[in-house]
file protein_2.cif (mmCIF, C-alpha atoms and all ligand atoms)
data_my_file
#
loop_
_atom_site.group_PDB
_atom_site.id
_atom_site.type_symbol
_atom_site.label_atom_id
_atom_site.label_comp_id
_atom_site.auth_asym_id
_atom_site.auth_seq_id
_atom_site.Cartn_x
_atom_site.Cartn_y
_atom_site.Cartn_z
ATOM 1 C CA MET A 30 -27.190 23.122 7.893
ATOM 2 C CA LEU A 31 -29.512 20.170 7.611
ATOM 3 C CA LEU A 32 -31.852 19.027 10.345
ATOM 4 C CA PHE A 33 -32.208 15.263 10.704
ATOM 5 C CA SER A 34 -35.247 14.093 12.645
ATOM 6 C CA CYS A 35 -33.936 11.312 14.891
ATOM 7 C CA PRO A 36 -36.760 8.825 15.647
ATOM 8 C CA ASN A 37 -35.795 8.983 19.352
ATOM 9 C CA CYS A 38 -34.619 12.563 19.904
ATOM 10 C CA GLY A 39 -36.413 14.672 17.301
ATOM 11 C CA PRO A 40 -34.828 17.275 15.005
ATOM 12 C CA ARG A 41 -31.067 17.693 15.472
ATOM 13 C CA ASN A 42 -28.183 19.229 13.559
ATOM 14 C CA GLU A 43 -26.681 16.918 10.922
ATOM 15 C CA THR A 44 -23.266 17.188 12.611
ATOM 16 C CA GLU A 45 -24.586 14.922 15.402
ATOM 17 C CA PHE A 46 -25.003 12.030 12.943
ATOM 18 C CA HIS A 47 -22.708 9.676 11.081
ATOM 19 C CA TYR A 48 -23.393 7.991 7.777
ATOM 20 C CA GLY A 49 -23.537 4.188 7.824
ATOM 21 C CA GLY A 50 -23.785 3.311 4.147
ATOM 22 C CA GLN A 51 -26.466 1.714 2.037
ATOM 23 C CA ALA A 52 -29.484 0.333 3.866
ATOM 24 C CA HIS A 53 -31.098 -3.079 3.290
ATOM 25 C CA VAL A 54 -27.969 -5.031 2.360
ATOM 26 C CA ALA A 55 -29.065 -8.507 3.404
ATOM 27 C CA TYR A 56 -26.574 -10.923 4.973
ATOM 28 C CA PRO A 57 -26.164 -13.945 2.656
ATOM 29 C CA GLU A 58 -28.281 -16.959 3.652
ATOM 30 C CA GLN A 59 -25.406 -19.423 3.024
ATOM 31 C CA PRO A 60 -22.203 -17.362 3.364
ATOM 32 C CA GLY A 61 -20.026 -20.482 3.300
ATOM 33 C CA GLU A 62 -21.218 -21.322 -0.207
ATOM 34 C CA LEU A 63 -20.236 -17.969 -1.716
ATOM 35 C CA SER A 64 -17.207 -17.587 -3.940
ATOM 36 C CA ASP A 65 -14.559 -15.086 -2.906
ATOM 37 C CA ARG A 66 -15.905 -12.705 -5.503
ATOM 38 C CA GLU A 67 -19.518 -13.017 -4.270
ATOM 39 C CA TRP A 68 -18.345 -12.469 -0.677
ATOM 40 C CA ALA A 69 -16.378 -9.386 -1.753
ATOM 41 C CA GLU A 70 -19.455 -8.074 -3.542
ATOM 42 C CA TYR A 71 -21.502 -8.511 -0.363
ATOM 43 C CA LEU A 72 -18.867 -6.711 1.724
ATOM 44 C CA PHE A 73 -17.831 -3.887 -0.560
ATOM 45 C CA TYR A 74 -20.115 -3.364 -3.567
ATOM 46 C CA ARG A 75 -22.741 -0.687 -3.025
ATOM 47 C CA LYS A 76 -25.048 1.316 -5.221
ATOM 48 C CA ASN A 77 -24.091 4.849 -6.156
ATOM 49 C CA THR A 78 -27.575 6.099 -6.859
ATOM 50 C CA LYS A 79 -28.396 9.503 -8.267
ATOM 51 C CA GLY A 80 -31.750 10.356 -6.732
ATOM 52 C CA LEU A 81 -33.629 8.519 -3.990
ATOM 53 C CA PHE A 82 -31.361 6.292 -1.910
ATOM 54 C CA ALA A 83 -32.016 4.294 1.270
ATOM 55 C CA GLU A 84 -29.147 4.650 3.719
ATOM 56 C CA ARG A 85 -28.292 3.994 7.363
ATOM 57 C CA TRP A 86 -27.435 6.709 9.866
ATOM 58 C CA VAL A 87 -26.479 6.685 13.528
ATOM 59 C CA HIS A 88 -27.161 9.482 16.016
ATOM 60 C CA SER A 89 -23.626 9.288 17.381
ATOM 61 C CA ALA A 90 -23.768 12.488 19.452
ATOM 62 C CA GLY A 91 -27.219 11.720 20.836
ATOM 63 C CA CYS A 92 -29.032 8.476 21.543
ATOM 64 C CA ARG A 93 -26.406 6.434 19.585
ATOM 65 C CA LYS A 94 -29.154 4.463 17.837
ATOM 66 C CA TRP A 95 -29.264 3.499 14.167
ATOM 67 C CA PHE A 96 -32.104 4.309 11.784
ATOM 68 C CA ASN A 97 -32.806 4.322 8.045
ATOM 69 C CA MET A 98 -33.341 7.334 5.859
ATOM 70 C CA VAL A 99 -34.455 7.770 2.250
ATOM 71 C CA ARG A 100 -32.637 10.813 0.932
ATOM 72 C CA ASP A 101 -32.403 12.385 -2.506
ATOM 73 C CA THR A 102 -28.679 12.378 -3.248
ATOM 74 C CA VAL A 103 -29.079 15.292 -5.668
ATOM 75 C CA SER A 104 -31.134 17.738 -3.603
ATOM 76 C CA TYR A 105 -30.345 16.314 -0.107
ATOM 77 C CA GLU A 106 -34.100 16.379 0.540
ATOM 78 C CA ILE A 107 -35.047 13.800 3.169
ATOM 79 C CA GLN A 108 -38.055 11.771 2.003
ATOM 80 C CA ALA A 109 -38.500 9.379 4.934
ATOM 81 C CA ILE A 110 -36.939 8.300 8.218
ATOM 82 C CA TYR A 111 -37.815 4.862 9.624
ATOM 83 C CA GLY A 112 -36.503 2.298 12.051
ATOM 84 C CA MET A 113 -33.981 -0.468 11.540
ATOM 85 C CA GLY A 114 -35.668 -3.636 10.268
ATOM 86 C CA GLU A 115 -38.459 -1.662 8.634
ATOM 87 C CA GLN A 116 -38.924 -1.206 4.897
ATOM 88 C CA PRO A 117 -39.024 2.227 3.248
ATOM 89 C CA PRO A 118 -42.483 3.677 2.610
ATOM 90 C CA GLU A 119 -43.985 2.320 -0.600
ATOM 91 C CA GLY A 120 -43.054 4.121 -3.775
ATOM 92 C CA LEU A 121 -39.882 5.723 -2.421
ATOM 93 C CA THR A 122 -37.333 3.025 -3.197
ATOM 94 C CA ALA A 123 -36.968 -0.723 -3.614
ATOM 95 C CA PRO A 124 -34.513 -2.581 -1.390
ATOM 96 C CA PRO A 125 -31.232 -2.492 -3.386
ATOM 97 C CA ALA A 126 -30.271 -6.032 -2.362
ATOM 98 C CA ALA A 127 -33.150 -7.452 -4.394
ATOM 99 C CA GLN A 128 -31.954 -5.580 -7.483
ATOM 100 C CA ALA A 129 -28.309 -6.617 -7.088
ATOM 101 C CA LYS A 130 -29.027 -10.369 -7.204
ATOM 102 C CA SER A 131 -30.318 -10.164 -10.765
ATOM 103 C CA GLN A 132 -27.105 -8.665 -12.179
ATOM 104 C CA PRO A 133 -24.636 -11.385 -13.279
ATOM 105 C CA LEU A 134 -20.939 -10.622 -13.579
ATOM 106 C CA ALA A 135 -19.598 -9.667 -16.982
ATOM 107 C CA PRO A 136 -17.416 -12.563 -18.312
ATOM 108 C CA ALA A 137 -14.509 -10.243 -19.198
ATOM 109 C CA GLU A 138 -14.487 -8.832 -15.685
ATOM 110 C CA ALA A 139 -14.399 -12.300 -14.095
ATOM 111 C CA SER A 140 -11.504 -13.479 -16.275
ATOM 112 C CA ASN A 141 -9.428 -10.407 -15.376
ATOM 113 C CA THR A 142 -9.747 -11.326 -11.706
ATOM 114 C CA ASN A 143 -8.439 -14.857 -12.299
ATOM 115 C CA ALA A 144 -5.480 -13.632 -14.364
ATOM 116 C CA SER A 145 -4.253 -11.326 -11.603
ATOM 117 C CA GLU A 146 -4.322 -14.034 -8.902
ATOM 118 C CA GLY A 147 -1.218 -15.763 -10.257
ATOM 119 C CA VAL A 148 0.946 -12.647 -10.012
HETATM 120 ZN ZN ZN B 201 -31.240 10.271 18.697
#

call {"tool": "encode", "arguments": {"input": "protein_2.cif", "output": "structure tokens"}}
result
Amino acid sequence: MLLFSCPNCGPRNETEFHYGGQAHVAYPEQPGELSDREWAEYLFYRKNTKGLFAERWVHSAGCRKWFNMVRDTVSYEIQAIYGMGEQPPEGLTAPPAAQAKSQPLAPAEASNTNASEGV
């Protein structure tokens, strides 16, 4: 059993919480200018990090409020818990959204997508 320390309620059993996915995924500034592929990447593409990972959790059986957590995905050790809209403590992890913008699509991958649209 893990104990999660809810920022509002204090330590509680992990079964009171629900996972909300990767934290710090920024909403696009101009969503209307995105291609279908870029929009799909915003909606569905997430990191699958081995090690420290910033993620969202909700205390669904308690105060029902969301918060962020930096957790080691290998050891399940919780490194930090902080509020929504706050950044993780320095040195723990960089916001994944900033890393994702610098990774262009592979040309072969993009052409496969276009070929399947006509079917
Ligand atoms: Zn709570």

call {"tool": "resolve_selection", "arguments": {"input": "protein_2.cif", "expression": "the PyMOL selection byres (((chain A and resi 44-53) around 9) and not hetatm)", "output": "short mmCIF file (atom, residue, chain, number, x, y, z; two decimals) with C-alpha atoms, in the frame of the given file"}}
result
data_model
loop_
_atom_site.label_atom_id
_atom_site.label_comp_id
_atom_site.auth_asym_id
_atom_site.auth_seq_id
_atom_site.Cartn_x
_atom_site.Cartn_y
_atom_site.Cartn_z
CA MET A 30 -27.19 23.12 7.89
CA LEU A 31 -29.51 20.17 7.61
CA PHE A 33 -32.21 15.26 10.70
CA ARG A 41 -31.07 17.69 15.47
CA ASN A 42 -28.18 19.23 13.56
CA GLU A 43 -26.68 16.92 10.92
CA VAL A 54 -27.97 -5.03 2.36
CA ALA A 55 -29.06 -8.51 3.40
CA ARG A 75 -22.74 -0.69 -3.02
CA LYS A 76 -25.05 1.32 -5.22
CA PHE A 82 -31.36 6.29 -1.91
CA ALA A 83 -32.02 4.29 1.27
CA GLU A 84 -29.15 4.65 3.72
CA ARG A 85 -28.29 3.99 7.36
CA TRP A 86 -27.44 6.71 9.87
CA VAL A 87 -26.48 6.68 13.53
CA HIS A 88 -27.16 9.48 16.02
CA SER A 89 -23.63 9.29 17.38
CA ALA A 90 -23.77 12.49 19.45
CA GLY A 91 -27.22 11.72 20.84
CA ARG A 93 -26.41 6.43 19.58
CA TRP A 95 -29.26 3.50 14.17
CA ASN A 97 -32.81 4.32 8.04
CA MET A 98 -33.34 7.33 5.86
CA MET A 113 -33.98 -0.47 11.54
CA GLY A 114 -35.67 -3.64 10.27
CA GLN A 116 -38.92 -1.21 4.90
CA PRO A 124 -34.51 -2.58 -1.39
CA PRO A 125 -31.23 -2.49 -3.39
CA ALA A 126 -30.27 -6.03 -2.36
#

call {"tool": "residues_near_ligand", "arguments": {"input": "protein_2.cif", "ligand": "ligand ZN 201 (chain B)", "cutoff": "7 Å", "atoms": "only C-alpha atoms and all ligand atoms", "output": "PyMOL selection string"}}
result
chain A and resi 35-39+88+91-94

call {"tool": "atom_distance", "arguments": {"input": "protein_2.cif", "atom1": "CA of Glu119 in chain A", "atom2": "CA of Tyr74 in chain A"}}
result
24.7 Å

call {"tool": "resolve_selection", "arguments": {"input": "protein_2.cif", "expression": "the PyMOL selection byres (((chain A and resi 108) around 12) and not hetatm)", "output": "list in words"}}
result
Phe33, Ser34, Gly80, Leu81, Phe82, Ala83, Glu84, Asn97, Met98, Val99, Arg100, Asp101, Thr102, Ser104, Tyr105, Glu106, Ile107, Ala109, Ile110, Tyr111, Pro117, Pro118, Glu119, Gly120, Leu121 and Thr122 of chain A

call {"tool": "atom_distance", "arguments": {"input": "protein_2.cif", "atom1": "CA of Tyr71 in chain A", "atom2": "CA of Gly112 in chain A"}}
result
22.3 Å

call {"tool": "closest_residue", "arguments": {"input": "protein_2.cif", "among": "A:Trp68, A:Leu63, A:Leu32, A:Glu115", "to": "Phe96 in chain A", "atoms": "all atoms listed in the file"}}
result
A:Glu115

call {"tool": "axis_aligned_box", "arguments": {"input": "protein_2.cif", "around": "range 107-118 of chain A", "padding_each_side": "5 Å", "output": "JSON"}}
result
{"center_x": -38.2, "center_y": 5.1, "center_z": 7.0, "size_x": 18.5, "size_y": 27.4, "size_z": 20.0}
